[in-house]
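Undergrad: I'd like to ask some things about the structure below.
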Amino acid sequence: RIEHQLQISIKSQGYAKLLLSGGSTPINLYRKFKSFLIDWNKVEIGLVDERWVENESADSNYYNIKLALGQEITSLSSFIPMVYDLDSEDENLIQCRKRNYGFLDEKTIVLLGMGTDGHTASIFPNTPSTELALSAIYPDILTNQAPTNPSKRITHNLKSLLNTQKLLLYVKGEKKKEVIGSAKENLLPISYCINSHSAHLEIFWSP
């Protein structure tokens with residue numbers, strides 16, 4: 001599905017924009033991108049969210065995704081990180097918004113993951129930043145706090161995540177299947193994606 005959508009976008013628009021999620025679940029999927037028949041010169045890759053750590057850290061989504069994609073993709077495509085200044089969260093957010101400004105417009109694909117608490121991207125339940133991320137009427141990037149370390153996060157808001165031609169959710173395990181099943185009744189961050197009228201969410205699940 002990802003390969004086909006990228007091909008359509010490149011053929012019709014001359015480029016494609018792809019936002020990827022971190023975590024362990026999609027890493028094997030990213031390794032398979034090497035087999036795609038894609039002109040990666042015409043693809044811009046960004047992150048759904050990131051931890052406020054060095055881009056070379058083992059905790060960095062940028063680092064782990066870059067490793068999985070491999071040199072043959074990252075040397076051709078434009079892969080843009082979200083961390084630029086570890087001395088100041090405010091300054092880093094300014095730089096991150098500036099460098100990732102193009103990803104606030106319509107994307108070709110946004111690939112989401114989900115935690116067992118129903119969070120997606122770094123939009124976690126019950127934080128003030130999450131309330132802002134869910135209610136904002138314009139696409140944006142903001143900071144948030146995670147319940148686990150590294151706690152400082154950077155994330156696209158809901159409006160930005162939904163601003164895409166194709167919205168995909170990739171999850172594994174019975175527990176996450178249960179969370180998805182209850183998401184229409186329980187008001188979780190992922191519920192806003194599942195119930196959205198502005199973007200149709202396709203869910204890919206495996207045991």
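Identifiers for the structure tokens are assigned positionally: chains receive A, B, ... in sequence, residues are indexed from 1 per chain, and ligands are indexed from 1 in the order shown.
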Using 12 Å as the limit and counting only C-alpha atoms, can you tabulate each residue of segment 14-72 of chain A that touches segment 96-112 of chain A, with its shortest atom-to-atom distance in Å and the two atoms involved, as JSON lines?

TA:
{"residue": "A:Gly14", "atom": "CA", "partner": "A:Thr108", "partner_atom": "CA", "distance": 11.6}
{"residue": "A:Tyr15", "atom": "CA", "partner": "A:Thr108", "partner_atom": "CA", "distance": 9.0}
{"residue": "A:Ala16", "atom": "CA", "partner": "A:Thr108", "partner_atom": "CA", "distance": 5.7}
{"residue": "A:Lys17", "atom": "CA", "partner": "A:Lys107", "partner_atom": "CA", "distance": 5.0}
{"residue": "A:Leu18", "atom": "CA", "partner": "A:Ile109", "partner_atom": "CA", "distance": 5.1}
{"residue": "A:Leu19", "atom": "CA", "partner": "A:Val110", "partner_atom": "CA", "distance": 4.8}
{"residue": "A:Leu20", "atom": "CA", "partner": "A:Leu111", "partner_atom": "CA", "distance": 5.2}
{"residue": "A:Ser21", "atom": "CA", "partner": "A:Leu112", "partner_atom": "CA", "distance": 5.6}
{"residue": "A:Gly22", "atom": "CA", "partner": "A:Leu112", "partner_atom": "CA", "distance": 8.7}
{"residue": "A:Gly23", "atom": "CA", "partner": "A:Leu112", "partner_atom": "CA", "distance": 10.3}
{"residue": "A:Thr25", "atom": "CA", "partner": "A:Leu112", "partner_atom": "CA", "distance": 10.5}
{"residue": "A:Pro26", "atom": "CA", "partner": "A:Leu111", "partner_atom": "CA", "distance": 9.2}
{"residue": "A:Leu29", "atom": "CA", "partner": "A:Leu111", "partner_atom": "CA", "distance": 11.0}
{"residue": "A:Tyr30", "atom": "CA", "partner": "A:Leu111", "partner_atom": "CA", "distance": 11.0}
{"residue": "A:Lys42", "atom": "CA", "partner": "A:Thr108", "partner_atom": "CA", "distance": 12.0}
{"residue": "A:Val43", "atom": "CA", "partner": "A:Thr108", "partner_atom": "CA", "distance": 9.6}
{"residue": "A:Glu44", "atom": "CA", "partner": "A:Phe103", "partner_atom": "CA", "distance": 8.8}
{"residue": "A:Ile45", "atom": "CA", "partner": "A:Phe103", "partner_atom": "CA", "distance": 8.9}
{"residue": "A:Gly46", "atom": "CA", "partner": "A:Phe103", "partner_atom": "CA", "distance": 7.3}
{"residue": "A:Leu47", "atom": "CA", "partner": "A:Asn100", "partner_atom": "CA", "distance": 9.0}
{"residue": "A:Val48", "atom": "CA", "partner": "A:Leu112", "partner_atom": "CA", "distance": 7.4}
{"residue": "A:Asp49", "atom": "CA", "partner": "A:Leu112", "partner_atom": "CA", "distance": 9.8}
{"residue": "A:Glu50", "atom": "CA", "partner": "A:Cys96", "partner_atom": "CA", "distance": 10.6}
{"residue": "A:Trp52", "atom": "CA", "partner": "A:Cys96", "partner_atom": "CA", "distance": 11.2}

Undergrad: Could you pull the residues within 10 Å of segment 190-193 of chain A, counting only C-alpha atoms, minus those fewer than 5 positions along the same chain, as a ChimeraX atom specification?

TA: /A:112-115,117-121,123-125,134,158-159,161-162,167-169,179-185,198-202

Undergrad: Which residues in segment 4-202 of chain A does DSSP call strand (DSSP E or B)? List them as an MDAnalysis selection string.

TA: chainID A and resid 16:20 43:47 49:51 78:79 107:112 120 123 141:145 152:156 164:172 201:202

Undergrad: Just N, CA and C atoms for this one: save the residues we selected as a CSV table (one decimal), in the first residue's frame.

TA:
chain,number,residue,atom,x,y,z
A,16,ALA,N,6.7,13.1,-3.4
A,16,ALA,CA,5.9,12.5,-2.3
A,16,ALA,C,6.4,12.9,-1.0
A,17,LYS,N,5.5,13.0,0.0
A,17,LYS,CA,5.9,13.3,1.4
A,17,LYS,C,5.4,12.2,2.3
A,18,LEU,N,6.3,11.7,3.1
A,18,LEU,CA,6.1,10.5,3.9
A,18,LEU,C,6.5,10.8,5.3
A,19,LEU,N,5.5,10.7,6.3
A,19,LEU,CA,5.8,10.8,7.7
A,19,LEU,C,5.8,9.4,8.3
A,20,LEU,N,6.9,9.1,9.1
A,20,LEU,CA,7.0,7.8,9.7
A,20,LEU,C,7.0,7.8,11.2
A,43,VAL,N,11.3,11.9,-3.0
A,43,VAL,CA,10.5,11.6,-1.7
A,43,VAL,C,11.1,12.4,-0.6
A,44,GLU,N,10.3,13.1,0.2
A,44,GLU,CA,10.7,13.8,1.4
A,44,GLU,C,10.2,12.9,2.6
A,45,ILE,N,11.0,12.6,3.5
A,45,ILE,CA,10.7,11.8,4.6
A,45,ILE,C,10.8,12.6,5.9
A,46,GLY,N,9.8,12.5,6.7
A,46,GLY,CA,9.8,13.2,8.0
A,46,GLY,C,9.4,12.3,9.1
A,47,LEU,N,9.3,12.8,10.3
A,47,LEU,CA,8.9,12.0,11.5
A,47,LEU,C,7.6,12.5,12.1
A,49,ASP,N,6.8,12.0,15.2
A,49,ASP,CA,7.2,12.5,16.5
A,49,ASP,C,8.6,12.1,16.8
A,50,GLU,N,9.2,12.7,17.8
A,50,GLU,CA,10.6,12.4,18.2
A,50,GLU,C,10.8,12.6,19.6
A,51,ARG,N,11.8,11.9,20.2
A,51,ARG,CA,12.3,12.2,21.5
A,51,ARG,C,13.3,13.3,21.5
A,78,SER,N,15.1,13.1,0.9
A,78,SER,CA,15.4,14.1,1.9
A,78,SER,C,14.7,13.6,3.3
A,79,PHE,N,15.6,13.2,4.2
A,79,PHE,CA,15.1,12.7,5.5
A,79,PHE,C,15.4,13.8,6.6
A,107,LYS,N,0.3,15.6,3.3
A,107,LYS,CA,1.3,14.6,3.1
A,107,LYS,C,0.7,13.5,2.1
A,108,THR,N,1.6,12.7,1.6
A,108,THR,CA,1.2,11.5,0.8
A,108,THR,C,0.7,10.4,1.7
A,109,ILE,N,1.6,10.1,2.7
A,109,ILE,CA,1.3,9.1,3.6
A,109,ILE,C,1.7,9.5,5.0
A,110,VAL,N,0.9,9.2,6.0
A,110,VAL,CA,1.2,9.3,7.4
A,110,VAL,C,1.1,7.9,8.0
A,111,LEU,N,2.2,7.3,8.5
A,111,LEU,CA,2.1,6.0,9.1
A,111,LEU,C,2.2,6.2,10.6
A,112,LEU,N,1.1,5.8,11.3
A,112,LEU,CA,1.0,5.9,12.7
A,112,LEU,C,1.3,4.6,13.4
A,120,THR,N,-1.0,8.0,20.2
A,120,THR,CA,-0.4,7.9,18.9
A,120,THR,C,0.5,9.1,18.7
A,123,ILE,N,1.2,12.1,21.3
A,123,ILE,CA,0.0,12.6,21.8
A,123,ILE,C,-0.6,11.6,22.9
A,141,ILE,N,3.4,21.7,15.0
A,141,ILE,CA,4.3,20.8,15.8
A,141,ILE,C,4.5,21.4,17.2
A,142,LEU,N,4.4,20.6,18.2
A,142,LEU,CA,4.5,21.1,19.5
A,142,LEU,C,5.3,20.1,20.4
A,143,THR,N,5.6,20.5,21.6
A,143,THR,CA,6.3,19.6,22.6
A,143,THR,C,5.2,19.0,23.5
A,144,ASN,N,5.6,17.8,24.1
A,144,ASN,CA,4.7,17.1,25.0
A,144,ASN,C,5.6,16.3,26.0
A,145,GLN,N,4.9,15.8,27.0
A,145,GLN,CA,5.6,15.0,28.0
A,145,GLN,C,5.1,13.6,27.9
A,152,LYS,N,10.7,14.0,27.3
A,152,LYS,CA,10.5,15.2,26.5
A,152,LYS,C,10.3,14.8,25.0
A,153,ARG,N,9.2,15.2,24.5
A,153,ARG,CA,8.9,14.7,23.1
A,153,ARG,C,8.5,15.9,22.2
A,154,ILE,N,8.6,15.7,20.9
A,154,ILE,CA,8.2,16.7,19.9
A,154,ILE,C,7.2,15.9,19.0
A,155,THR,N,6.1,16.5,18.6
A,155,THR,CA,5.1,15.8,17.8
A,155,THR,C,4.3,16.7,16.9
A,156,HIS,N,3.9,16.1,15.8
A,156,HIS,CA,2.9,16.8,15.0
A,156,HIS,C,1.5,16.7,15.7
A,164,THR,N,-3.4,14.4,5.2
A,164,THR,CA,-2.7,13.4,4.4
A,164,THR,C,-3.6,12.7,3.4
A,165,GLN,N,-3.1,12.3,2.3
A,165,GLN,CA,-3.8,11.5,1.3
A,165,GLN,C,-4.1,10.1,1.8
A,166,LYS,N,-3.2,9.5,2.6
A,166,LYS,CA,-3.4,8.2,3.1
A,166,LYS,C,-2.9,8.1,4.6
A,167,LEU,N,-3.8,7.7,5.5
A,167,LEU,CA,-3.5,7.6,6.9
A,167,LEU,C,-3.5,6.2,7.3
A,168,LEU,N,-2.4,5.6,7.8
A,168,LEU,CA,-2.3,4.2,8.1
A,168,LEU,C,-1.9,4.0,9.6
A,169,LEU,N,-2.5,3.0,10.2
A,169,LEU,CA,-2.1,2.7,11.5
A,169,LEU,C,-1.6,1.2,11.5
A,170,TYR,N,-0.4,1.0,12.0
A,170,TYR,CA,0.3,-0.3,12.0
A,170,TYR,C,0.5,-0.7,13.4
A,171,VAL,N,-0.1,-1.8,13.8
A,171,VAL,CA,0.0,-2.3,15.2
A,171,VAL,C,0.1,-3.8,15.3
A,172,LYS,N,0.6,-4.3,16.4
A,172,LYS,CA,0.8,-5.7,16.6
A,172,LYS,C,0.3,-6.0,18.0
A,201,LEU,N,-8.9,6.3,8.1
A,201,LEU,CA,-7.8,5.6,8.7
A,201,LEU,C,-7.9,4.1,8.3
A,202,GLU,N,-6.8,3.6,7.7
A,202,GLU,CA,-6.7,2.2,7.4
A,202,GLU,C,-5.8,1.5,8.5

Undergrad: Looking at only C-alpha atoms, which of A:Leu6, A:Ala146, A:Ala133, A:Met82 is the one that sits closest to Ser60 of chain A?

TA: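 Between A:Leu6, A:Ala146, A:Ala133, A:Met82, the residue approaching Ser60 of chain A most closely is A:Met82.
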
Undergrad: For atom CA of Ser129 of chain A and atom CA of Trp205 of chain A, determine how far apart the two atoms are, in Å to one decimal place.

TA: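 Spanning atom CA of Ser129 of chain A to atom CA of Trp205 of chain A is a straight-line distance of 28.4 Å.
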
Undergrad: Quick check, in Å to one decimal: how far apart do atom CA of Tyr84 of chain A and atom CA of Asp39 of chain A lie?

TA: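 According to the coordinates, atom CA of Tyr84 of chain A and atom CA of Asp39 of chain A are separated by 27.8 Å.
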
Undergrad: List the spatial neighbours of Ser75 of chain A as a PDB file with all heavy atoms, in the first residue's frame - criterion: any atom at most 9 Å away, only C-alpha atoms, same-chain residues fewer than 5 positions off excluded.

TA:
ATOM      1  N   TRP A  40      13.563   7.591  -5.089  1.00  0.00           N
ATOM      2  CA  TRP A  40      13.668   8.193  -3.760  1.00  0.00           C
ATOM      3  C   TRP A  40      14.161   9.635  -3.798  1.00  0.00           C
ATOM      4  O   TRP A  40      14.004  10.381  -2.820  1.00  0.00           O
ATOM      5  CB  TRP A  40      14.573   7.345  -2.864  1.00  0.00           C
ATOM      6  CG  TRP A  40      13.946   6.028  -2.509  1.00  0.00           C
ATOM      7  CD1 TRP A  40      14.234   4.799  -3.021  1.00  0.00           C
ATOM      8  CD2 TRP A  40      12.869   5.816  -1.578  1.00  0.00           C
ATOM      9  NE1 TRP A  40      13.424   3.834  -2.474  1.00  0.00           N
ATOM     10  CE2 TRP A  40      12.577   4.421  -1.585  1.00  0.00           C
ATOM     11  CE3 TRP A  40      12.131   6.653  -0.740  1.00  0.00           C
ATOM     12  CZ2 TRP A  40      11.579   3.867  -0.783  1.00  0.00           C
ATOM     13  CZ3 TRP A  40      11.134   6.116   0.063  1.00  0.00           C
ATOM     14  CH2 TRP A  40      10.870   4.734   0.039  1.00  0.00           C
ATOM     15  N   ASN A  41      14.730  10.069  -4.916  1.00  0.00           N
ATOM     16  CA  ASN A  41      15.104  11.476  -5.061  1.00  0.00           C
ATOM     17  C   ASN A  41      13.893  12.396  -4.950  1.00  0.00           C
ATOM     18  O   ASN A  41      14.032  13.585  -4.663  1.00  0.00           O
ATOM     19  CB  ASN A  41      15.769  11.706  -6.426  1.00  0.00           C
ATOM     20  CG  ASN A  41      17.223  11.283  -6.436  1.00  0.00           C
ATOM     21  OD1 ASN A  41      18.028  11.822  -5.702  1.00  0.00           O
ATOM     22  ND2 ASN A  41      17.541  10.293  -7.251  1.00  0.00           N
ATOM     23  N   GLY A  70      18.296   2.427   5.468  1.00  0.00           N
ATOM     24  CA  GLY A  70      19.554   2.141   4.799  1.00  0.00           C
ATOM     25  C   GLY A  70      20.068   3.292   3.952  1.00  0.00           C
ATOM     26  O   GLY A  70      19.318   4.183   3.553  1.00  0.00           O
TER      27      GLY A  70
END

Undergrad: Give the helix (DSSP H, G or I) residues of segment 8-199 of chain A, as DSSP finds them on the backbone, and put them as a PyMOL selection string.

TA: chain A and resi 8-13+27-35+40-42+61-69+71-74+89-99+101-104+128-135+158-162+174-182+189-194
